[in-house]
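What follows is the content of final.pdb, which has PDB, C-alpha atoms:
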```
ATOM      1  CA  MET A  78       0.000   0.000   0.000
ATOM      2  CA  ARG A  79       1.130   3.511  -0.752
ATOM      3  CA  THR A  80       1.626   6.159   1.909
ATOM      4  CA  VAL A  81       0.891   9.811   1.154
ATOM      5  CA  HIS A  82       0.976  12.961   3.264
ATOM      6  CA  ALA A  83      -2.018  15.234   3.778
ATOM      7  CA  LEU A  84      -1.416  18.813   2.631
ATOM      8  CA  ARG A  85      -4.767  20.556   2.788
ATOM      9  CA  TYR A  86      -8.192  19.918   4.302
ATOM     10  CA  VAL A  87     -10.656  20.474   1.440
ATOM     11  CA  THR A  88     -14.127  19.684   2.732
ATOM     12  CA  PRO A  89     -16.018  17.419   5.136
ATOM     13  CA  LEU A  90     -18.163  14.821   3.421
ATOM     14  CA  ARG A  91     -20.967  14.175   5.903
ATOM     15  CA  GLU A  92     -21.885  14.082   9.530
ATOM     16  CA  GLY A  93     -21.241  10.894  11.457
ATOM     17  CA  GLY A  94     -18.904   9.166  13.829
ATOM     18  CA  SER A  95     -16.060   8.779  11.363
ATOM     19  CA  LEU A  96     -16.175  12.446  10.195
ATOM     20  CA  PRO A  97     -14.519  11.715   6.825
ATOM     21  CA  ALA A  98     -13.134  14.544   4.735
ATOM     22  CA  VAL A  99     -11.643  15.140   1.327
ATOM     23  CA  VAL A 100      -7.998  16.190   1.655
ATOM     24  CA  GLU A 101      -5.339  17.105  -0.851
ATOM     25  CA  THR A 102      -2.187  14.975  -0.686
ATOM     26  CA  ASP A 103       1.450  15.342  -1.683
ATOM     27  CA  ASP A 104       1.065  13.136  -4.780
ATOM     28  CA  ASP A 105      -1.134  15.807  -6.410
ATOM     29  CA  GLY A 106      -4.233  13.775  -5.663
ATOM     30  CA  MET A 107      -7.179  13.899  -3.328
ATOM     31  CA  VAL A 108      -8.339  11.200  -0.929
ATOM     32  CA  VAL A 109     -11.306  10.580   1.316
ATOM     33  CA  LEU A 110      -9.632  10.536   4.717
ATOM     34  CA  LYS A 111     -10.825   8.572   7.727
ATOM     35  CA  PHE A 112      -9.400  10.025  10.944
ATOM     36  CA  ARG A 113      -7.963   7.719  13.564
ATOM     37  CA  GLY A 114      -8.965  10.231  16.234
ATOM     38  CA  ALA A 115     -12.671  10.282  15.305
ATOM     39  CA  GLY A 116     -15.265   8.929  17.712
ATOM     40  CA  GLN A 117     -15.227   5.427  16.234
ATOM     41  CA  GLY A 118     -11.488   5.151  16.902
ATOM     42  CA  PRO A 119      -8.906   2.897  15.247
ATOM     43  CA  LYS A 120     -11.298  -0.056  14.886
ATOM     44  CA  ALA A 121     -13.172   1.728  12.106
ATOM     45  CA  LEU A 122      -9.880   2.114  10.231
ATOM     46  CA  ILE A 123      -8.922  -1.504  10.887
ATOM     47  CA  ALA A 124     -12.245  -2.701   9.453
ATOM     48  CA  GLU A 125     -11.893  -0.335   6.495
ATOM     49  CA  LEU A 126      -8.413  -1.604   5.721
ATOM     50  CA  ILE A 127      -8.973  -5.337   6.184
ATOM     51  CA  ALA A 128     -12.384  -5.506   4.502
ATOM     52  CA  GLY A 129     -11.274  -3.209   1.696
ATOM     53  CA  GLU A 130      -8.190  -5.246   0.911
ATOM     54  CA  ILE A 131     -10.202  -8.467   1.036
ATOM     55  CA  ALA A 132     -12.537  -6.914  -1.544
ATOM     56  CA  ARG A 133      -9.578  -5.994  -3.732
ATOM     57  CA  THR A 134      -8.145  -9.513  -3.461
ATOM     58  CA  LEU A 135     -11.511 -10.864  -4.591
ATOM     59  CA  GLY A 136     -11.434  -8.624  -7.650
ATOM     60  CA  LEU A 137     -14.287  -6.415  -6.482
ATOM     61  CA  PRO A 138     -14.323  -2.778  -7.625
ATOM     62  CA  ILE A 139     -13.011  -0.551  -4.859
ATOM     63  CA  PRO A 140     -11.049   2.725  -4.881
ATOM     64  CA  GLU A 141      -7.367   2.485  -3.985
ATOM     65  CA  ILE A 142      -6.778   2.436  -0.240
ATOM     66  CA  LEU A 143      -3.818   4.443   1.064
ATOM     67  CA  PHE A 144      -2.122   5.243   4.327
ATOM     68  CA  VAL A 145      -2.242   8.985   4.985
ATOM     69  CA  GLU A 146       0.271  10.685   7.255
ATOM     70  CA  LEU A 147      -1.220  13.607   9.114
ATOM     71  CA  ASP A 148       1.023  16.234  10.654
ATOM     72  CA  ARG A 149      -0.127  18.068  13.766
ATOM     73  CA  GLU A 150       0.749  21.341  12.020
ATOM     74  CA  PHE A 151      -1.979  20.533   9.505
ATOM     75  CA  ALA A 152      -4.477  21.856  12.060
ATOM     76  CA  ARG A 153      -3.061  25.370  12.068
ATOM     77  CA  THR A 154      -4.704  26.352   8.787
ATOM     78  CA  GLU A 155      -8.156  25.126   9.841
ATOM     79  CA  PRO A 156     -10.496  27.738  11.340
ATOM     80  CA  ASP A 157     -12.997  25.193  12.711
ATOM     81  CA  PRO A 158     -12.042  24.243  16.314
ATOM     82  CA  GLU A 159     -13.738  20.837  16.007
ATOM     83  CA  ILE A 160     -11.672  19.996  12.925
ATOM     84  CA  GLN A 161      -8.536  21.256  14.659
ATOM     85  CA  ASP A 162      -9.175  18.909  17.574
ATOM     86  CA  LEU A 163      -9.860  16.003  15.219
ATOM     87  CA  ILE A 164      -6.618  16.571  13.342
ATOM     88  CA  ARG A 165      -4.559  16.839  16.529
ATOM     89  CA  ALA A 166      -6.101  13.614  17.833
ATOM     90  CA  SER A 167      -5.249  11.898  14.541
ATOM     91  CA  GLU A 168      -1.588  12.881  14.240
ATOM     92  CA  GLY A 169       0.368  10.135  12.516
ATOM     93  CA  LEU A 170      -0.945   7.357  10.315
ATOM     94  CA  ASN A 171      -4.537   7.436   9.113
ATOM     95  CA  LEU A 172      -6.411   5.796   6.245
ATOM     96  CA  GLY A 173      -7.738   7.165   2.997
ATOM     97  CA  SER A 174      -9.265   6.018  -0.251
ATOM     98  CA  ASP A 175      -8.906   7.538  -3.675
ATOM     99  CA  TYR A 176     -11.445  10.325  -4.189
ATOM    100  CA  LEU A 177     -13.739   9.720  -7.171
ATOM    101  CA  PRO A 178     -14.690  13.211  -8.425
ATOM    102  CA  GLY A 179     -18.168  13.379  -9.836
ATOM    103  CA  ALA A 180     -19.203   9.952  -8.531
ATOM    104  CA  ILE A 181     -22.886   9.562  -7.712
ATOM    105  CA  ASN A 182     -24.685   7.471  -5.139
ATOM    106  CA  TYR A 183     -25.905   4.102  -6.355
ATOM    107  CA  ASP A 184     -29.594   4.001  -7.275
ATOM    108  CA  PRO A 185     -30.991   0.491  -7.882
ATOM    109  CA  ALA A 186     -33.776   1.986  -9.979
ATOM    110  CA  ALA A 187     -31.235   3.446 -12.392
ATOM    111  CA  MET A 188     -28.609   0.693 -12.477
ATOM    112  CA  GLN A 189     -28.228  -2.903 -11.402
ATOM    113  CA  PRO A 190     -25.015  -4.952 -11.564
ATOM    114  CA  ASP A 191     -25.060  -8.329 -13.247
ATOM    115  CA  ALA A 192     -25.965 -11.359 -11.156
ATOM    116  CA  GLU A 193     -22.380 -12.579 -10.798
ATOM    117  CA  LEU A 194     -21.015  -9.281  -9.458
ATOM    118  CA  ALA A 195     -24.009  -8.798  -7.164
ATOM    119  CA  SER A 196     -23.557 -12.329  -5.816
ATOM    120  CA  LYS A 197     -19.859 -11.755  -5.154
ATOM    121  CA  ILE A 198     -20.573  -8.533  -3.278
ATOM    122  CA  VAL A 199     -23.275 -10.216  -1.186
ATOM    123  CA  TRP A 200     -20.870 -13.088  -0.391
ATOM    124  CA  PHE A 201     -18.135 -10.632   0.590
ATOM    125  CA  ASP A 202     -20.456  -8.609   2.826
ATOM    126  CA  ALA A 203     -21.736 -11.776   4.516
ATOM    127  CA  PHE A 204     -18.160 -12.927   5.119
ATOM    128  CA  THR A 205     -17.101  -9.584   6.611
ATOM    129  CA  SER A 206     -20.416  -8.989   8.449
ATOM    130  CA  ASN A 207     -20.892  -5.645   6.742
ATOM    131  CA  VAL A 208     -24.074  -4.006   8.011
ATOM    132  CA  ASP A 209     -23.818  -1.007   5.687
ATOM    133  CA  ARG A 210     -24.975  -2.126   2.261
ATOM    134  CA  THR A 211     -28.690  -1.511   2.663
ATOM    135  CA  ALA A 212     -31.106   0.456   0.490
ATOM    136  CA  ARG A 213     -30.967   3.222   3.091
ATOM    137  CA  ASN A 214     -27.181   3.287   3.147
ATOM    138  CA  PRO A 215     -25.776   1.233   0.254
ATOM    139  CA  ASN A 216     -22.191   2.547   0.361
ATOM    140  CA  LEU A 217     -21.964   2.036  -3.383
ATOM    141  CA  MET A 218     -20.898   4.715  -5.818
ATOM    142  CA  VAL A 219     -21.151   4.910  -9.602
ATOM    143  CA  TRP A 220     -18.175   6.501 -11.330
ATOM    144  CA  HIS A 221     -17.763   6.469 -15.101
ATOM    145  CA  ARG A 222     -20.673   4.002 -15.252
ATOM    146  CA  LYS A 223     -18.863   1.539 -12.999
ATOM    147  CA  LEU A 224     -19.917   0.450  -9.525
ATOM    148  CA  TYR A 225     -17.496   0.980  -6.618
ATOM    149  CA  LEU A 226     -17.662  -0.329  -3.060
ATOM    150  CA  ILE A 227     -16.870   2.254  -0.381
ATOM    151  CA  ASP A 228     -16.844   2.701   3.385
ATOM    152  CA  HIS A 229     -16.345  -0.573   5.267
ATOM    153  CA  GLY A 230     -15.746   0.928   8.696
ATOM    154  CA  ALA A 231     -18.868  -0.731  10.101
ATOM    155  CA  ALA A 232     -17.903  -4.199   8.885
ATOM    156  CA  MET A 233     -16.384  -6.886  11.115
ATOM    157  CA  TYR A 234     -18.390  -5.778  14.127
ATOM    158  CA  PHE A 235     -17.192  -8.864  16.016
ATOM    159  CA  HIS A 236     -14.106  -6.879  17.018
ATOM    160  CA  HIS A 237     -16.200  -4.753  19.373
ATOM    161  CA  ASP A 238     -16.677  -7.816  21.593
ATOM    162  CA  TRP A 239     -13.694 -10.152  21.423
ATOM    163  CA  ALA A 240     -15.054 -12.334  24.231
ATOM    164  CA  SER A 241     -17.814 -13.584  21.921
ATOM    165  CA  ALA A 242     -15.895 -13.413  18.628
ATOM    166  CA  GLY A 243     -15.323 -17.169  18.566
ATOM    167  CA  GLU A 244     -19.057 -17.850  18.607
ATOM    168  CA  ALA A 245     -19.816 -15.009  16.208
ATOM    169  CA  CYS A 246     -17.380 -16.512  13.721
ATOM    170  CA  LYS A 247     -19.573 -19.566  13.219
ATOM    171  CA  LYS A 248     -22.868 -17.754  12.930
ATOM    172  CA  PRO A 249     -24.717 -16.791   9.746
ATOM    173  CA  PHE A 250     -25.014 -13.115   8.969
ATOM    174  CA  VAL A 251     -28.773 -12.701   9.220
ATOM    175  CA  LEU A 252     -28.684  -8.993   8.355
ATOM    176  CA  ILE A 253     -27.784  -9.995   4.810
ATOM    177  CA  ARG A 254     -31.556 -10.002   4.293
ATOM    178  CA  ASP A 255     -31.372  -6.179   4.074
ATOM    179  CA  HIS A 256     -28.635  -6.104   1.411
ATOM    180  CA  VAL A 257     -29.428  -3.716  -1.418
ATOM    181  CA  LEU A 258     -28.138  -6.144  -4.085
ATOM    182  CA  LEU A 259     -29.775  -9.280  -2.695
ATOM    183  CA  PRO A 260     -32.650  -9.323  -5.244
ATOM    184  CA  VAL A 261     -30.214  -9.756  -8.164
ATOM    185  CA  ALA A 262     -27.697 -11.982  -6.345
ATOM    186  CA  THR A 263     -28.836 -15.245  -7.938
ATOM    187  CA  GLN A 264     -25.406 -16.932  -7.998
ATOM    188  CA  ILE A 265     -24.263 -16.839  -4.369
ATOM    189  CA  ALA A 266     -23.724 -20.596  -4.103
ATOM    190  CA  GLU A 267     -22.039 -20.691  -7.511
ATOM    191  CA  VAL A 268     -19.436 -18.008  -6.698
ATOM    192  CA  ASP A 269     -18.678 -19.367  -3.217
ATOM    193  CA  ALA A 270     -15.862 -21.821  -3.957
ATOM    194  CA  GLY A 271     -14.120 -19.511  -6.416
ATOM    195  CA  LEU A 272     -14.039 -16.641  -3.945
ATOM    196  CA  ALA A 273     -12.913 -18.760  -1.004
ATOM    197  CA  VAL A 274      -9.958 -20.167  -2.917
ATOM    198  CA  MET A 275      -8.720 -16.612  -3.509
ATOM    199  CA  LEU A 276      -8.298 -16.160   0.265
ATOM    200  CA  PRO A 277      -5.794 -18.806   1.381
ATOM    201  CA  ASP A 278      -4.332 -18.522   4.864
ATOM    202  CA  ALA A 279      -1.267 -16.695   3.559
ATOM    203  CA  GLU A 280      -3.400 -14.025   1.899
ATOM    204  CA  ILE A 281      -5.387 -13.409   5.079
ATOM    205  CA  GLU A 282      -2.100 -13.084   6.961
ATOM    206  CA  ARG A 283      -0.790 -10.616   4.374
ATOM    207  CA  ILE A 284      -3.893  -8.447   4.536
ATOM    208  CA  VAL A 285      -4.078  -8.350   8.337
ATOM    209  CA  GLY A 286      -0.339  -7.750   8.407
ATOM    210  CA  LEU A 287      -0.961  -4.375   6.756
ATOM    211  CA  VAL A 288      -2.607  -3.047   9.926
ATOM    212  CA  PRO A 289      -0.136  -0.728  11.697
ATOM    213  CA  ASP A 290       0.872  -1.567  15.261
ATOM    214  CA  SER A 291      -0.172   1.963  16.254
ATOM    215  CA  TRP A 292      -3.817   1.051  15.570
ATOM    216  CA  LEU A 293      -3.662  -2.188  17.548
ATOM    217  CA  VAL A 294      -3.850  -0.562  20.948
ATOM    218  CA  ASP A 295      -6.232  -0.026  23.870
ATOM    219  CA  GLU A 296      -7.848  -3.449  23.589
ATOM    220  CA  PRO A 297      -7.973  -5.163  26.997
ATOM    221  CA  ALA A 298      -8.342  -8.615  25.440
ATOM    222  CA  PHE A 299      -4.753  -8.554  24.138
ATOM    223  CA  ASP A 300      -1.405  -7.716  25.667
ATOM    224  CA  SER A 301       0.414  -6.874  22.438
ATOM    225  CA  PRO A 302      -0.189  -5.796  18.825
ATOM    226  CA  THR A 303       1.054  -9.221  17.726
ATOM    227  CA  ALA A 304      -1.626 -11.033  19.734
ATOM    228  CA  TYR A 305      -4.261  -8.537  18.615
ATOM    229  CA  ARG A 306      -3.334  -9.032  14.955
ATOM    230  CA  GLN A 307      -3.325 -12.808  15.304
ATOM    231  CA  ALA A 308      -6.899 -12.695  16.615
ATOM    232  CA  TYR A 309      -8.072 -11.122  13.361
ATOM    233  CA  ILE A 310      -6.169 -13.718  11.360
ATOM    234  CA  ASP A 311      -7.631 -16.588  13.360
ATOM    235  CA  TYR A 312     -11.174 -15.237  13.087
ATOM    236  CA  LEU A 313     -11.083 -14.682   9.317
ATOM    237  CA  GLN A 314      -9.367 -17.973   8.520
ATOM    238  CA  HIS A 315     -11.830 -19.932  10.628
ATOM    239  CA  ARG A 316     -14.840 -18.054   9.251
ATOM    240  CA  LEU A 317     -13.809 -19.138   5.774
ATOM    241  CA  ARG A 318     -13.605 -22.752   6.902
ATOM    242  CA  VAL A 319     -17.127 -22.668   8.331
ATOM    243  CA  ARG A 320     -18.484 -20.376   5.621
ATOM    244  CA  ALA A 321     -21.375 -22.707   4.786
ATOM    245  CA  ALA A 322     -23.299 -20.962   7.571
ATOM    246  CA  PHE A 323     -23.162 -17.508   6.015
ATOM    247  CA  VAL A 324     -23.415 -18.769   2.428
ATOM    248  CA  GLN A 325     -26.539 -20.799   3.135
ATOM    249  CA  GLU A 326     -28.104 -17.902   5.028
ATOM    250  CA  ALA A 327     -27.462 -15.556   2.087
ATOM    251  CA  VAL A 328     -28.990 -18.040  -0.355
ATOM    252  CA  ARG A 329     -31.978 -18.510   1.941
ATOM    253  CA  ALA A 330     -32.416 -14.731   2.279
ATOM    254  CA  HIS A 331     -32.309 -14.284  -1.496
ATOM    255  CA  THR A 332     -34.916 -17.020  -1.997
ATOM    256  CA  ALA A 333     -37.180 -15.462   0.627
ATOM    257  CA  HIS A 334     -36.728 -12.028  -0.907
ATOM    258  CA  VAL A 335     -37.873 -13.051  -4.358
TER     259      VAL A 335
END
```

Rewritten as structure tokens:
Amino acid sequence: MRTVHALRYVTPLREGGSLPAVVETDDDGMVVLKFRGAGQGPKALIAELIAGEIARTLGLPIPEILFVELDREFARTEPDPEIQDLIRASEGLNLGSDYLPGAINYDPAAMQPDAELASKIVWFDAFTSNVDRTARNPNLMVWHRKLYLIDHGAAMYFHHDWASAGEACKKPFVLIRDHVLLPVATQIAEVDAGLAVMLPDAEIERIVGLVPDSWLVDEPAFDSPTAYRQAYIDYLQHRLRVRAAFVQEAVRAHTAHV
């Protein structure tokens, strides 16, 4: 993954716990920045990074994810005290995704992906327990007539309760019933094996290994970043091995929906 440095705060994108913003970076580009110091904390960035890179490994359309270095001095040019505080609390390494200028929110009435792509996205969201792909909040953008997956900070909610993560790993993702693409996801069972084979143990280890040690802190369940990181690896590898639970639930939800 590339690392860039934030140069200028351009504009906030929306209200919410993660308080994302568009910032200009030192590679002459712009990124959507997620602040480590926002209310949701580092776990939102961890979920964004791991889920996003899993999506990329699976060949799903997603903007480039980048590490973004944020200097404390960056706050000096910002007149808004709340933004100044956010920047100071986020000094160091943060996470961004490539900004897609002119992209529009996905509207199922105007565009629907083909059944194979929809099925792959549903499978991916069931695997990562992503609660934010509903009609109310699809987190899908259309840019140059192509669909892009964005904003996975709410995925992998198991990491908010590590004591029950082992049990959660084996459970179906029942909220898949609310997935915005479920009506056209007619090939969930067919894409299952092909997607799973793209995530061998070594690939899961590589993806989780991208998470910086500085984000793997303040979790009472673990005494070191190494142990914390290994817990993510163990969860994701085991969830793939028992994936029949979430695959069958997604197929059942699609059948019930139609």

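The nearest approach to Val257 (chain A) among the residues A:Glu244, A:Asp238, A:Asp209, A:Asp104, with all atoms listed in the file taken into account, belongs to A:Asp209.
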
task: Excluding His221 (chain A) and any residue of its chain fewer than 4 positions from it, enumerate the residues within 12 Å of it, using all atoms listed in the file, and give them as an NGL selection string.
output: :A and (177-181 or 225)

Produce a file of the selected residues containing C-alpha atoms, as a PDB file, keeping the file's coordinate frame.
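Output file out_4.pdb is given in full below:
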```pdb
ATOM      1  CA  LEU A 177     -13.739   9.720  -7.171  1.00  0.00           C
ATOM      2  CA  PRO A 178     -14.690  13.211  -8.425  1.00  0.00           C
ATOM      3  CA  GLY A 179     -18.168  13.379  -9.836  1.00  0.00           C
ATOM      4  CA  ALA A 180     -19.203   9.952  -8.531  1.00  0.00           C
ATOM      5  CA  ILE A 181     -22.886   9.562  -7.712  1.00  0.00           C
ATOM      6  CA  TYR A 225     -17.496   0.980  -6.618  1.00  0.00           C
TER       7      TYR A 225
END
```

field: Residue nearest His331 (chain A) among A:Arg318, A:Val199, A:Leu293, A:Ala304 (counting all atoms listed in the file)
entry: A:Val199

- prompt: In terms of the shortest atom-to-atom distance over only C-alpha atoms, which of A:Pro297, A:Gly173, A:Pro138, A:Pro185 is closest to Pro260 (chain A)?
  reply: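 Closest to Pro260 (chain A), using only C-alpha atoms: A:Pro185.
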
- prompt: Skipping near chain neighbours, those fewer than 2 positions away, what residues fall within 8 Å of region 107-114 of chain A using only C-alpha atoms, listed as a PyMOL selection string?
  reply: chain A and resi 95-102+105+116-119+122+145+163-167+170-176

Writer output for current selection, C-alpha atoms, as a PDB file, in the frame of the given file:
```pdb
ATOM      1  CA  SER A  95     -16.060   8.779  11.363  1.00  0.00           C
ATOM      2  CA  LEU A  96     -16.175  12.446  10.195  1.00  0.00           C
ATOM      3  CA  PRO A  97     -14.519  11.715   6.825  1.00  0.00           C
ATOM      4  CA  ALA A  98     -13.134  14.544   4.735  1.00  0.00           C
ATOM      5  CA  VAL A  99     -11.643  15.140   1.327  1.00  0.00           C
ATOM      6  CA  VAL A 100      -7.998  16.190   1.655  1.00  0.00           C
ATOM      7  CA  GLU A 101      -5.339  17.105  -0.851  1.00  0.00           C
ATOM      8  CA  THR A 102      -2.187  14.975  -0.686  1.00  0.00           C
ATOM      9  CA  ASP A 105      -1.134  15.807  -6.410  1.00  0.00           C
ATOM     10  CA  GLY A 116     -15.265   8.929  17.712  1.00  0.00           C
ATOM     11  CA  GLN A 117     -15.227   5.427  16.234  1.00  0.00           C
ATOM     12  CA  GLY A 118     -11.488   5.151  16.902  1.00  0.00           C
ATOM     13  CA  PRO A 119      -8.906   2.897  15.247  1.00  0.00           C
ATOM     14  CA  LEU A 122      -9.880   2.114  10.231  1.00  0.00           C
ATOM     15  CA  VAL A 145      -2.242   8.985   4.985  1.00  0.00           C
ATOM     16  CA  LEU A 163      -9.860  16.003  15.219  1.00  0.00           C
ATOM     17  CA  ILE A 164      -6.618  16.571  13.342  1.00  0.00           C
ATOM     18  CA  ARG A 165      -4.559  16.839  16.529  1.00  0.00           C
ATOM     19  CA  ALA A 166      -6.101  13.614  17.833  1.00  0.00           C
ATOM     20  CA  SER A 167      -5.249  11.898  14.541  1.00  0.00           C
ATOM     21  CA  LEU A 170      -0.945   7.357  10.315  1.00  0.00           C
ATOM     22  CA  ASN A 171      -4.537   7.436   9.113  1.00  0.00           C
ATOM     23  CA  LEU A 172      -6.411   5.796   6.245  1.00  0.00           C
ATOM     24  CA  GLY A 173      -7.738   7.165   2.997  1.00  0.00           C
ATOM     25  CA  SER A 174      -9.265   6.018  -0.251  1.00  0.00           C
ATOM     26  CA  ASP A 175      -8.906   7.538  -3.675  1.00  0.00           C
ATOM     27  CA  TYR A 176     -11.445  10.325  -4.189  1.00  0.00           C
TER      28      TYR A 176
END
```

- line: With distances taken over all atoms listed in the file, the candidate from A:Asp202, A:Glu193, A:Glu296, A:Asp311 nearest Ala327 (chain A) is A:Asp202

message: Just checking: using all atoms listed in the file, which residue out of A:Pro289, A:Gly271, A:Pro156, A:Pro140 ends up closest to Leu224 (chain A)?
response: A:Pro140

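Put simply, CA of Ile284 (chain A) is 6.2 Å away from CA of Ile127 (chain A).
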
- prompt: Which of these residues is nearest to Arg316 (chain A), using only C-alpha atoms: A:Pro190, A:Pro302, A:Pro158, A:Gly243?
  reply: A:Gly243

query: Between CA of His256 (chain A) and CA of His236 (chain A), what is the spacing in Å?
result: 21.3 Å

- prompt: Mind pulling up the distance from CA of His315 (chain A) to CA of Ala330 (chain A)?
  reply: 22.8 Å

- prompt: Exactly which residues make up the result of the PyMOL selection byres ((chain A and resi 321) around 12) on this file, given as a PyMOL selection string?
  reply: chain A and resi 200+203-204+246-250+265-266+269-270+273+315-320+322-329

Counting all atoms listed in the file, I want the residues whose atoms come within 10 Å of (-29.1, 1.4, -0.1) in the file frame, returned as an mmCIF file with C-alpha atoms, in the frame of the given file.
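Contents of part21.cif, as written:
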```
data_model
loop_
_atom_site.group_PDB
_atom_site.id
_atom_site.type_symbol
_atom_site.label_atom_id
_atom_site.label_comp_id
_atom_site.auth_asym_id
_atom_site.auth_seq_id
_atom_site.Cartn_x
_atom_site.Cartn_y
_atom_site.Cartn_z
ATOM 1 C CA ASN A 182 -24.685 7.471 -5.139
ATOM 2 C CA TYR A 183 -25.905 4.102 -6.355
ATOM 3 C CA ASP A 184 -29.594 4.001 -7.275
ATOM 4 C CA PRO A 185 -30.991 0.491 -7.882
ATOM 5 C CA ASP A 209 -23.818 -1.007 5.687
ATOM 6 C CA ARG A 210 -24.975 -2.126 2.261
ATOM 7 C CA THR A 211 -28.690 -1.511 2.663
ATOM 8 C CA ALA A 212 -31.106 0.456 0.490
ATOM 9 C CA ARG A 213 -30.967 3.222 3.091
ATOM 10 C CA ASN A 214 -27.181 3.287 3.147
ATOM 11 C CA PRO A 215 -25.776 1.233 0.254
ATOM 12 C CA ASN A 216 -22.191 2.547 0.361
ATOM 13 C CA LEU A 217 -21.964 2.036 -3.383
ATOM 14 C CA ASP A 255 -31.372 -6.179 4.074
ATOM 15 C CA HIS A 256 -28.635 -6.104 1.411
ATOM 16 C CA VAL A 257 -29.428 -3.716 -1.418
ATOM 17 C CA LEU A 258 -28.138 -6.144 -4.085
#
```

Report the centre and edge lengths, in Å to one decimal, of an axis-aligned box enclosing every atom of region 281-291 of chain A listed in the file, padded by 8 Å on each side, as AutoDock Vina command-line options.
```
--center_x -2.3 --center_y -5.7 --center_z 10.3 --size_x 22.3 --size_y 31.4 --size_z 27.9
```

Provide region 131-142 of chain A of the preceding structure as a file containing N, CA, C and O atoms, as a PDB file, in the first residue's frame.
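Now in out.pdb:
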```
ATOM      1  N   ILE A 131      -9.574  -7.195   1.400  1.00  0.00           N
ATOM      2  CA  ILE A 131     -10.202  -8.467   1.036  1.00  0.00           C
ATOM      3  C   ILE A 131     -11.007  -8.282  -0.248  1.00  0.00           C
ATOM      4  O   ILE A 131     -10.940  -9.104  -1.173  1.00  0.00           O
ATOM      5  N   ALA A 132     -11.764  -7.187  -0.326  1.00  0.00           N
ATOM      6  CA  ALA A 132     -12.537  -6.914  -1.544  1.00  0.00           C
ATOM      7  C   ALA A 132     -11.626  -6.816  -2.759  1.00  0.00           C
ATOM      8  O   ALA A 132     -11.931  -7.359  -3.831  1.00  0.00           O
ATOM      9  N   ARG A 133     -10.502  -6.129  -2.601  1.00  0.00           N
ATOM     10  CA  ARG A 133      -9.578  -5.994  -3.732  1.00  0.00           C
ATOM     11  C   ARG A 133      -9.023  -7.354  -4.137  1.00  0.00           C
ATOM     12  O   ARG A 133      -8.912  -7.673  -5.328  1.00  0.00           O
ATOM     13  N   THR A 134      -8.663  -8.177  -3.171  1.00  0.00           N
ATOM     14  CA  THR A 134      -8.145  -9.513  -3.461  1.00  0.00           C
ATOM     15  C   THR A 134      -9.174 -10.332  -4.239  1.00  0.00           C
ATOM     16  O   THR A 134      -8.818 -11.116  -5.125  1.00  0.00           O
ATOM     17  N   LEU A 135     -10.448 -10.131  -3.923  1.00  0.00           N
ATOM     18  CA  LEU A 135     -11.511 -10.864  -4.591  1.00  0.00           C
ATOM     19  C   LEU A 135     -11.864 -10.292  -5.956  1.00  0.00           C
ATOM     20  O   LEU A 135     -12.749 -10.802  -6.639  1.00  0.00           O
ATOM     21  N   GLY A 136     -11.182  -9.222  -6.348  1.00  0.00           N
ATOM     22  CA  GLY A 136     -11.434  -8.624  -7.650  1.00  0.00           C
ATOM     23  C   GLY A 136     -12.645  -7.721  -7.692  1.00  0.00           C
ATOM     24  O   GLY A 136     -13.137  -7.393  -8.772  1.00  0.00           O
ATOM     25  N   LEU A 137     -13.131  -7.302  -6.521  1.00  0.00           N
ATOM     26  CA  LEU A 137     -14.287  -6.415  -6.482  1.00  0.00           C
ATOM     27  C   LEU A 137     -13.851  -4.968  -6.707  1.00  0.00           C
ATOM     28  O   LEU A 137     -12.734  -4.577  -6.338  1.00  0.00           O
ATOM     29  N   PRO A 138     -14.708  -4.158  -7.303  1.00  0.00           N
ATOM     30  CA  PRO A 138     -14.323  -2.778  -7.625  1.00  0.00           C
ATOM     31  C   PRO A 138     -14.311  -1.891  -6.392  1.00  0.00           C
ATOM     32  O   PRO A 138     -15.339  -1.689  -5.747  1.00  0.00           O
ATOM     33  N   ILE A 139     -13.161  -1.384  -6.053  1.00  0.00           N
ATOM     34  CA  ILE A 139     -13.011  -0.551  -4.859  1.00  0.00           C
ATOM     35  C   ILE A 139     -11.927   0.485  -5.123  1.00  0.00           C
ATOM     36  O   ILE A 139     -10.911   0.181  -5.775  1.00  0.00           O
ATOM     37  N   PRO A 140     -12.110   1.731  -4.693  1.00  0.00           N
ATOM     38  CA  PRO A 140     -11.049   2.725  -4.881  1.00  0.00           C
ATOM     39  C   PRO A 140      -9.767   2.307  -4.156  1.00  0.00           C
ATOM     40  O   PRO A 140      -9.820   1.555  -3.177  1.00  0.00           O
ATOM     41  N   GLU A 141      -8.644   2.792  -4.643  1.00  0.00           N
ATOM     42  CA  GLU A 141      -7.367   2.485  -3.985  1.00  0.00           C
ATOM     43  C   GLU A 141      -7.404   2.945  -2.534  1.00  0.00           C
ATOM     44  O   GLU A 141      -7.872   4.033  -2.217  1.00  0.00           O
ATOM     45  N   ILE A 142      -6.900   2.097  -1.656  1.00  0.00           N
ATOM     46  CA  ILE A 142      -6.778   2.436  -0.240  1.00  0.00           C
ATOM     47  C   ILE A 142      -5.330   2.848   0.028  1.00  0.00           C
ATOM     48  O   ILE A 142      -4.401   2.200  -0.454  1.00  0.00           O
TER      49      ILE A 142
END
```
